$ cat coords.pdb   # PDB, C-alpha atoms and all ligand atoms
ATOM      1  CA  MET W  12     105.827  99.791 114.639
ATOM      2  CA  ALA W  13     103.074  98.827 112.259
ATOM      3  CA  ILE W  14      99.808 100.377 111.240
ATOM      4  CA  PHE W  15      97.220  97.932 109.986
ATOM      5  CA  GLN W  16      93.817  98.187 108.472
ATOM      6  CA  VAL W  17      91.497  95.289 107.609
ATOM      7  CA  ASN W  18      92.325  93.277 104.530
ATOM      8  CA  THR W  19      89.325  92.765 102.309
ATOM      9  CA  ALA W  20      90.963  91.133  99.282
ATOM     10  CA  THR W  21      94.113  89.267  98.420
ATOM     11  CA  THR W  22      96.464  90.028  95.569
ATOM     12  CA  LEU W  23      96.461  87.518  92.705
ATOM     13  CA  MET W  24      99.972  86.118  92.783
ATOM     14  CA  ASP W  25     100.305  85.613  89.028
ATOM     15  CA  THR W  26      99.448  89.268  88.346
ATOM     16  CA  ILE W  27     102.292  90.695  90.403
ATOM     17  CA  GLU W  28     104.814  92.753  88.516
ATOM     18  CA  THR W  29     108.016  93.727  90.324
ATOM     19  CA  VAL W  30     109.828  96.933  89.411
ATOM     20  CA  PRO W  31     113.285  97.324  90.945
ATOM     21  CA  ILE W  32     113.873 100.869  92.219
ATOM     22  CA  ARG W  33     117.352 102.327  92.304
ATOM     23  CA  THR W  34     117.429 105.522  90.222
ATOM     24  CA  VAL W  35     115.161 108.461  89.360
ATOM     25  CA  THR W  36     114.513 106.768  86.007
ATOM     26  CA  ASP W  37     113.092 103.747  87.846
ATOM     27  CA  ILE W  38     110.582 106.070  89.537
ATOM     28  CA  VAL W  39     109.249 107.025  86.096
ATOM     29  CA  ILE W  40     109.235 103.402  84.874
ATOM     30  CA  ALA W  41     107.345 102.213  87.963
ATOM     31  CA  ARG W  42     104.649 104.868  87.740
ATOM     32  CA  GLN W  43     104.164 104.204  84.019
ATOM     33  CA  ARG W  44     103.719 100.483  84.741
ATOM     34  CA  GLY W  45     101.150 101.384  87.385
ATOM     35  CA  ARG W  46      99.270 103.628  84.982
ATOM     36  CA  ASP W  47      99.310 100.931  82.284
ATOM     37  CA  ARG W  48      98.018  98.340  84.709
ATOM     38  CA  ALA W  49      95.236 100.645  85.880
ATOM     39  CA  LEU W  50      94.157 101.451  82.317
ATOM     40  CA  SER W  51      94.289  97.787  81.291
ATOM     41  CA  MET W  52      91.943  97.061  84.216
ATOM     42  CA  ARG W  53      89.541  99.750  82.956
ATOM     43  CA  PHE W  54      90.288 102.232  85.714
ATOM     44  CA  SER W  55      89.493 105.778  84.545
ATOM     45  CA  GLU W  56      92.195 108.148  83.325
ATOM     46  CA  THR W  57      91.856 110.075  86.613
ATOM     47  CA  GLU W  58      92.230 106.921  88.703
ATOM     48  CA  ALA W  59      95.217 105.816  86.614
ATOM     49  CA  THR W  60      96.868 109.177  87.332
ATOM     50  CA  LEU W  61      96.184 108.703  91.053
ATOM     51  CA  ILE W  62      97.832 105.263  90.903
ATOM     52  CA  ALA W  63     100.838 106.731  89.058
ATOM     53  CA  THR W  64     101.115 109.540  91.612
ATOM     54  CA  ILE W  65     100.989 107.099  94.544
ATOM     55  CA  ILE W  66     103.760 104.993  92.994
ATOM     56  CA  SER W  67     105.823 108.094  92.275
ATOM     57  CA  GLU W  68     105.721 109.134  95.947
ATOM     58  CA  LEU W  69     106.548 105.659  97.272
ATOM     59  CA  ALA W  70     109.322 105.000  94.747
ATOM     60  CA  ARG W  71     110.916 108.369  95.414
ATOM     61  CA  ASN W  72     110.976 107.638  99.133
ATOM     62  CA  ILE W  73     112.882 104.429  98.330
ATOM     63  CA  VAL W  74     115.470 106.290  96.229
ATOM     64  CA  LEU W  75     115.790 109.117  98.757
ATOM     65  CA  TYR W  76     115.904 107.205 102.018
ATOM     66  CA  ALA W  77     116.774 103.579 101.263
ATOM     67  CA  GLN W  78     118.780 103.905  98.008
ATOM     68  CA  HIS W  79     117.175 100.803  96.562
ATOM     69  CA  GLY W  80     114.136  98.603  96.892
ATOM     70  CA  GLU W  81     111.172  97.540  94.786
ATOM     71  CA  ILE W  82     107.599  98.323  93.828
ATOM     72  CA  LEU W  83     105.129  95.484  93.348
ATOM     73  CA  ILE W  84     102.006  96.076  91.306
ATOM     74  CA  GLY W  85      99.224  93.496  91.519
ATOM     75  CA  SER W  86      95.564  93.008  90.725
ATOM     76  CA  LEU W  87      93.079  92.199  93.478
ATOM     77  CA  ASP W  88      90.934  89.093  93.530
ATOM     78  CA  ASN W  89      87.417  90.187  94.352
ATOM     79  CA  PRO W  90      85.205  90.125  91.253
ATOM     80  CA  PRO W  91      83.219  91.932  90.075
ATOM     81  CA  ARG W  92      85.123  94.705  91.844
ATOM     82  CA  ARG W  93      88.386  95.754  90.246
ATOM     83  CA  GLY W  94      91.284  96.739  92.446
ATOM     84  CA  ILE W  95      95.007  97.342  92.358
ATOM     85  CA  SER W  96      97.507  96.634  95.080
ATOM     86  CA  ILE W  97     100.803  98.465  95.323
ATOM     87  CA  VAL W  98     103.585  97.428  97.647
ATOM     88  CA  SER W  99     106.729  99.425  98.155
ATOM     89  CA  ARG W 100     109.497  97.742 100.082
ATOM     90  CA  ASP W 101     113.076  98.381 100.983
ATOM     91  CA  GLU W 102     115.662  97.339 103.509
ATOM     92  CA  GLY W 103     116.754 100.881 104.265
ATOM     93  CA  PRO W 104     116.974 102.697 107.602
ATOM     94  CA  GLY W 105     113.244 102.455 108.396
ATOM     95  CA  ILE W 106     111.139 105.251 109.871
ATOM     96  CA  ALA W 107     111.825 106.138 113.498
ATOM     97  CA  ASP W 108     108.779 108.331 114.145
ATOM     98  CA  VAL W 109     105.916 106.798 112.172
ATOM     99  CA  GLN W 110     103.153 108.925 113.685
ATOM    100  CA  ARG W 111     104.970 112.066 112.729
ATOM    101  CA  ALA W 112     105.835 110.812 109.237
ATOM    102  CA  LEU W 113     102.142 110.075 108.622
ATOM    103  CA  LEU W 114     100.894 113.353 110.030
ATOM    104  CA  GLY W 115     102.291 115.343 107.120
ATOM    105  CA  GLY W 116     104.550 118.344 107.021
ATOM    106  CA  TYR W 117     107.405 116.345 108.520
ATOM    107  CA  SER W 118     110.433 115.692 106.340
ATOM    108  CA  THR W 119     113.997 114.625 107.041
ATOM    109  CA  SER W 120     115.084 115.643 103.533
ATOM    110  CA  GLY W 121     113.816 119.212 103.196
ATOM    111  CA  GLY W 122     110.733 117.994 101.327
ATOM    112  CA  LEU W 123     107.135 119.040 101.880
ATOM    113  CA  GLY W 124     106.566 115.910 103.951
ATOM    114  CA  LEU W 125     103.322 115.255 102.097
ATOM    115  CA  GLY W 126     104.171 111.968 100.365
ATOM    116  CA  LEU W 127     103.085 109.375 102.897
ATOM    117  CA  CYS W 128     100.084 111.229 104.311
ATOM    118  CA  GLY W 129      98.967 112.102 100.777
ATOM    119  CA  VAL W 130      99.223 108.489  99.654
ATOM    120  CA  ARG W 131      97.242 107.413 102.689
ATOM    121  CA  ARG W 132      94.457 109.829 101.763
ATOM    122  CA  MET W 133      94.363 108.615  98.172
ATOM    123  CA  VAL W 134      93.905 104.891  98.811
ATOM    124  CA  ASP W 135      91.221 102.613 100.239
ATOM    125  CA  GLU W 136      93.572 100.522 102.369
ATOM    126  CA  PHE W 137      96.892 101.518 103.815
ATOM    127  CA  GLN W 138      99.382  99.412 105.703
ATOM    128  CA  LEU W 139     102.817 100.479 106.876
ATOM    129  CA  GLU W 140     105.448  98.318 108.497
ATOM    130  CA  THR W 141     108.730  99.796 109.488
ATOM    131  CA  ALA W 142     111.277  99.843 112.272
ATOM    132  CA  PRO W 143     114.644 101.543 112.614
ATOM    133  CA  GLY W 144     117.237  99.419 110.819
ATOM    134  CA  LYS W 145     114.572  97.009 109.555
ATOM    135  CA  GLY W 146     113.478  98.684 106.341
ATOM    136  CA  THR W 147     110.069  99.940 105.280
ATOM    137  CA  THR W 148     107.100  98.287 103.594
ATOM    138  CA  VAL W 149     104.068 100.255 102.491
ATOM    139  CA  ALA W 150     101.152  98.247 101.106
ATOM    140  CA  VAL W 151      98.100  99.989  99.667
ATOM    141  CA  LYS W 152      94.955  98.980  97.812
ATOM    142  CA  LYS W 153      92.701 101.000  95.603
ATOM    143  CA  TRP W 154      89.367 100.027  94.061
ATOM    144  CA  ALA W 155      87.977 101.262  90.776
ATOM    145  CA  ARG W 156      84.951 103.532  91.312
TER     146      ARG W 156
ATOM    147  CA  MET N   6     114.887 114.443  78.349
ATOM    148  CA  ASP N   7     115.960 117.980  77.515
ATOM    149  CA  VAL N   8     113.125 120.501  77.483
ATOM    150  CA  PRO N   9     113.376 123.045  74.634
ATOM    151  CA  ILE N  10     113.215 126.677  75.741
ATOM    152  CA  LEU N  11     111.905 129.167  73.182
ATOM    153  CA  LYS N  12     112.413 132.904  73.327
ATOM    154  CA  GLN N  13     109.480 135.026  72.253
ATOM    155  CA  ARG N  14     109.864 138.788  72.681
ATOM    156  CA  ASP N  15     110.332 139.409  76.429
ATOM    157  CA  TYR N  16     109.305 135.896  77.369
ATOM    158  CA  LEU N  17     110.770 132.430  77.645
ATOM    159  CA  ILE N  18     108.514 129.501  76.860
ATOM    160  CA  ALA N  19     109.379 126.000  78.029
ATOM    161  CA  SER N  20     107.067 123.189  76.955
ATOM    162  CA  ILE N  21     107.379 119.854  78.671
ATOM    163  CA  GLN N  22     106.481 117.396  75.922
ATOM    164  CA  ALA N  23     107.436 114.113  77.505
ATOM    165  CA  VAL N  24     107.735 112.528  80.907
ATOM    166  CA  LEU N  25     110.590 113.957  82.999
ATOM    167  CA  THR N  26     112.655 112.405  85.731
ATOM    168  CA  ASP N  27     113.331 114.352  88.925
ATOM    169  CA  ARG N  28     116.781 115.178  87.600
ATOM    170  CA  ASP N  29     115.373 116.497  84.285
ATOM    171  CA  LEU N  30     113.042 118.784  86.212
ATOM    172  CA  LEU N  31     115.878 120.165  88.351
ATOM    173  CA  ASN N  32     117.923 120.768  85.178
ATOM    174  CA  LEU N  33     115.012 122.641  83.627
ATOM    175  CA  ARG N  34     114.651 124.783  86.751
ATOM    176  CA  ASP N  35     118.351 125.705  86.691
ATOM    177  CA  LYS N  36     118.329 126.400  82.958
ATOM    178  CA  LEU N  37     115.310 128.724  83.164
ATOM    179  CA  VAL N  38     116.689 130.625  86.148
ATOM    180  CA  GLN N  39     119.919 131.077  84.182
ATOM    181  CA  GLN N  40     118.350 132.061  80.849
ATOM    182  CA  VAL N  41     116.052 134.683  82.368
ATOM    183  CA  GLY N  42     119.292 136.591  82.938
ATOM    184  CA  ASN N  43     120.913 135.750  79.602
ATOM    185  CA  PHE N  44     117.920 137.025  77.628
ATOM    186  CA  ARG N  45     116.792 139.674  80.139
ATOM    187  CA  SER N  46     113.354 138.096  80.008
ATOM    188  CA  LYS N  47     110.386 139.592  81.827
ATOM    189  CA  GLY N  48     108.357 136.453  82.027
ATOM    190  CA  VAL N  49     108.479 132.672  81.822
ATOM    191  CA  ILE N  50     105.722 130.364  80.672
ATOM    192  CA  LEU N  51     106.083 126.758  81.730
ATOM    193  CA  ASP N  52     103.787 124.416  79.845
ATOM    194  CA  VAL N  53     103.397 121.202  81.860
ATOM    195  CA  THR N  54     100.941 119.488  79.500
ATOM    196  CA  GLY N  55     103.370 116.595  79.038
ATOM    197  CA  LEU N  56     103.883 115.871  82.746
ATOM    198  CA  ASP N  57     102.320 112.537  83.656
ATOM    199  CA  VAL N  58     102.126 113.318  87.365
ATOM    200  CA  MET N  59     102.593 116.296  89.656
ATOM    201  CA  ASP N  60     103.646 114.888  92.971
ATOM    202  CA  SER N  61     105.181 116.473  96.048
ATOM    203  CA  PHE N  62     108.596 116.675  94.412
ATOM    204  CA  SER N  63     107.472 118.305  91.171
ATOM    205  CA  VAL N  64     105.225 120.773  92.972
ATOM    206  CA  ARG N  65     108.028 121.796  95.310
ATOM    207  CA  THR N  66     110.459 122.128  92.394
ATOM    208  CA  LEU N  67     108.040 124.283  90.372
ATOM    209  CA  ARG N  68     107.337 126.469  93.402
ATOM    210  CA  ASP N  69     111.063 126.935  94.011
ATOM    211  CA  MET N  70     111.620 127.663  90.342
ATOM    212  CA  ALA N  71     108.965 130.389  90.223
ATOM    213  CA  HIS N  72     110.385 131.909  93.386
ATOM    214  CA  MET N  73     113.937 131.927  92.008
ATOM    215  CA  ILE N  74     112.788 133.474  88.729
ATOM    216  CA  ARG N  75     110.933 136.129  90.737
ATOM    217  CA  LEU N  76     114.170 136.943  92.544
ATOM    218  CA  ARG N  77     115.758 137.398  89.123
ATOM    219  CA  GLY N  78     113.122 140.004  88.273
ATOM    220  CA  ALA N  79     110.759 137.988  86.061
ATOM    221  CA  ASP N  80     107.302 136.469  86.467
ATOM    222  CA  THR N  81     106.357 132.836  85.932
ATOM    223  CA  VAL N  82     103.046 131.362  84.887
ATOM    224  CA  ILE N  83     102.398 127.627  84.756
ATOM    225  CA  VAL N  84     100.018 126.414  82.055
ATOM    226  CA  GLY N  85      98.625 123.109  80.858
ATOM    227  CA  ILE N  86      97.835 121.282  84.117
ATOM    228  CA  GLN N  87      95.606 118.447  82.911
ATOM    229  CA  PRO N  88      92.278 117.761  84.702
ATOM    230  CA  GLU N  89      93.348 114.380  86.103
ATOM    231  CA  VAL N  90      96.657 115.837  87.275
ATOM    232  CA  ALA N  91      94.796 118.668  89.014
ATOM    233  CA  PHE N  92      92.550 116.075  90.670
ATOM    234  CA  ALA N  93      95.542 114.091  91.945
ATOM    235  CA  MET N  94      97.241 117.242  93.238
ATOM    236  CA  VAL N  95      94.197 118.199  95.285
ATOM    237  CA  GLN N  96      93.869 114.652  96.632
ATOM    238  CA  LEU N  97      97.518 114.676  97.670
ATOM    239  CA  GLY N  98      96.991 118.014  99.383
ATOM    240  CA  LEU N  99      99.412 119.875  97.113
ATOM    241  CA  SER N 100      99.131 123.482  96.062
ATOM    242  CA  LEU N 101     101.282 125.730  93.909
ATOM    243  CA  GLU N 102     100.716 128.438  96.533
ATOM    244  CA  GLY N 103     101.455 131.836  95.024
ATOM    245  CA  VAL N 104     102.486 130.582  91.581
ATOM    246  CA  PRO N 105     100.051 131.840  88.934
ATOM    247  CA  THR N 106      98.499 129.320  86.569
ATOM    248  CA  ALA N 107      96.585 129.659  83.315
ATOM    249  CA  LEU N 108      94.726 127.213  81.107
ATOM    250  CA  ASP N 109      97.092 127.101  78.147
ATOM    251  CA  LEU N 110      99.893 128.920  76.337
ATOM    252  CA  GLU N 111      97.567 131.560  74.921
ATOM    253  CA  GLU N 112      96.086 132.379  78.330
ATOM    254  CA  GLY N 113      99.568 132.351  79.823
ATOM    255  CA  LEU N 114     100.778 134.950  77.345
ATOM    256  CA  ALA N 115      97.679 137.054  78.004
ATOM    257  CA  TYR N 116      98.325 136.820  81.738
ATOM    258  CA  LEU N 117     101.944 137.998  81.449
ATOM    259  CA  GLY N 118     100.851 140.813  79.121
ATOM    260  CA  ARG N 119      98.507 142.129  81.816
ATOM    261  CA  ILE N 120     101.233 142.435  84.469
ATOM    262  CA  PRO N 121     102.204 146.102  84.694
ATOM    263  CA  LYS N 122     105.878 146.974  84.337
ATOM    264  CA  ARG N 123     107.549 147.248  87.690
ATOM    265  CA  PRO N 124     108.520 150.851  88.531
ATOM    266  CA  VAL N 125     112.203 151.607  88.819
ATOM    267  CA  PRO N 126     112.828 152.267  92.527
ATOM    268  CA  LYS N 127     113.613 155.908  93.298
ATOM    269  CA  HIS N 128     116.632 156.680  95.427
ATOM    270  CA  ARG N 129     116.170 159.243  98.167
ATOM    271  CA  PRO N 130     118.776 161.973  98.193
TER     272      PRO N 130
HETATM  273  N1  LIG W 201     111.165 104.222 102.586
HETATM  274  C1  LIG W 201     111.544 105.020 103.612
HETATM  275  N2  LIG W 201     112.627 104.687 104.364
HETATM  276  C2  LIG W 201     113.014 105.494 105.407
HETATM  277  N3  LIG W 201     112.380 106.610 105.770
HETATM  278  C3  LIG W 201     111.298 106.982 105.063
HETATM  279  C4  LIG W 201     110.819 106.216 103.955
HETATM  280  N4  LIG W 201     109.724 106.823 103.453
HETATM  281  C5  LIG W 201     109.523 107.902 104.208
HETATM  282  N5  LIG W 201     110.464 108.019 105.181
HETATM  283  C6  LIG W 201     110.553 109.068 106.242
HETATM  284  O1  LIG W 201     109.273 109.649 106.433
HETATM  285  C7  LIG W 201     109.313 111.052 106.197
HETATM  286  C8  LIG W 201     108.015 111.502 105.524
HETATM  287  O2  LIG W 201     107.929 110.933 104.219
HETATM  288  P1  LIG W 201     107.059 111.677 103.108
HETATM  289  O3  LIG W 201     107.175 110.938 101.832
HETATM  290  O4  LIG W 201     105.697 111.891 103.665
HETATM  291  O5  LIG W 201     107.729 113.121 103.005
HETATM  292  P2  LIG W 201     109.138 113.523 102.347
HETATM  293  O6  LIG W 201     109.656 112.410 101.501
HETATM  294  O7  LIG W 201     110.036 113.991 103.435
HETATM  295  O8  LIG W 201     108.748 114.769 101.440
HETATM  296  P3  LIG W 201     107.851 114.725 100.116
HETATM  297  O9  LIG W 201     107.441 113.303  99.875
HETATM  298  O10 LIG W 201     106.681 115.610 100.395
HETATM  299  O11 LIG W 201     108.710 115.250  99.025
HETATM  300  C9  LIG W 201     110.551 111.284 105.354
HETATM  301  O12 LIG W 201     111.082 112.580 105.497
HETATM  302  C10 LIG W 201     111.501 110.195 105.878
HETATM  303  O13 LIG W 201     112.130 110.624 107.051
HETATM  304 MG    MG W 202     108.399 111.488 100.088
END

$ encode --input "coords.pdb" --output "structure tokens"
Amino acid sequence: MAIFQVNTATTLMDTIETVPIRTVTDIVIARQRGRDRALSMRFSETEATLIATIISELARNIVLYAQHGEILIGSLDNPPRRGISIVSRDEGPGIADVQRALLGGYSTSGGLGLGLCGVRRMVDEFQLETAPGKGTTVAVKKWAR
Amino acid sequence: MDVPILKQRDYLIASIQAVLTDRDLLNLRDKLVQQVGNFRSKGVILDVTGLDVMDSFSVRTLRDMAHMIRLRGADTVIVGIQPEVAFAMVQLGLSLEGVPTALDLEEGLAYLGRIPKRPVPKHRP
């Protein structure tokens, strides 16, 4: 099952940075890369923290549910607007009940179940593709204010 | 990253100076819950100034930690949440629920100092 929203900009291929995610240390590395990218693109400190928080949630879901995967950080091609794209992908078990996972308060790991729905609230575009046994890809975009 | 825990009178003070992994945060939680007993502390101040993000995992861990410390007979106050971290927490829909917070270490100490001593429960004959 997939949830799509309109795409308004494409990611510049040569700006994509891939961070492999396998351990809790990788979660920290990925969110620091995201923060650095945001700051280098003149996002505010607050926006950079939002980007780091989004990556932290997505990367932790990889470690928790899929064991390994990757986070891709890219810049969006739509001058003069500045935007960041973040893709989280894994080949783990996938999400069986997407609606429920996005609603919030639902967790299969004893968590708060606020990661995915929180990330969705924090971004401008949100796209989720997953199916049982097929892995999970979350792609989000955020524009500088 | 090991977080140093300082003992000051009846209180324990833990200051997170650098970025922590999930595992570091769980270790800190366990250490504080343990040391409250070792030092018979009445209060714990957790300074999170150095945390780069507070996401669903860290918020849940801090909530659990404060609850566990409460069960051990001490109070916890969290200080040093940076403005952009507070902003991200609200956007994510996260709250520390009943866990008290204060601006900084000084305010945290003042807060703990204002908590009246808990009465010793009386046994009925
Ligand atoms: N990459 C993934 N692969 C498989 N299942 C996932 C993945 N990401 C999320 N899920 C499923 O969706 C549910 C909701 O995810 P979400 O991140 O919102 O909450 P959580 O991880 O359970 O708790 P929290 O993030 O608040 O600590 C998870 O409990 C899990 O079942
Ligand atoms: Mg999660």

$ resolve_selection --input "coords.pdb" --expression "the PyMOL selection byres (((not hetatm)) within 9 of (chain W and resi 202))" --output "PyMOL selection string"
(chain W and resi 67-73+75-76+118+120+122-127) or (chain N and resi 61-62)

$ atom_distance --input "coords.pdb" --atom1 "CA of Val90 in chain N" --atom2 "atom O3 of ligand LIG 201 (chain W)"
18.6 Å

$ closest_residue --input "coords.pdb" --among "W:Ile27, W:Arg33, W:Gly115, W:Thr22" --to "chain N" --atoms "only C-alpha atoms"
W:Gly115

$ residues_around --input "coords.pdb" --residues "Leu17 in chain N" --least-positions-apart "4" --cutoff "9 Å" --atoms "all atoms listed in the file" --output "list in words"
Ile10, Leu11, Lys12, Gln13, Leu37, Gln40, Val41, Phe44, Ser46, Lys47, Gly48, Val49, Ile50 and Leu51 of chain N

$ resolve_selection --input "coords.pdb" --expression "the PyMOL selection byres (((chain N and resi 110-122) around 9) and not hetatm)" --output "ChimeraX atom specification"
/N:16,18,47-52,80-85,105-109,123-124

$ resolve_selection --input "coords.pdb" --expression "the PyMOL selection byres ((chain N) within 10 of (chain W and not hetatm))" --output "count of residues only"
28

$ closest_residue --input "coords.pdb" --among "W:Asp108, W:Phe137, W:Gly144, W:Met52" --to "Pro91 in chain W" --atoms "only C-alpha atoms"
W:Met52

$ closest_residue --input "coords.pdb" --among "W:Val151, W:Gly85, W:Asp135, W:His79" --to "ligand LIG 201 (chain W)" --atoms "all atoms listed in the file"
W:His79

$ closest_residue --input "coords.pdb" --among "W:Ala49, W:Ile95, W:Leu139, W:Met24" --to "ligand LIG 201 (chain W)" --atoms "only C-alpha atoms and all ligand atoms"
W:Leu139
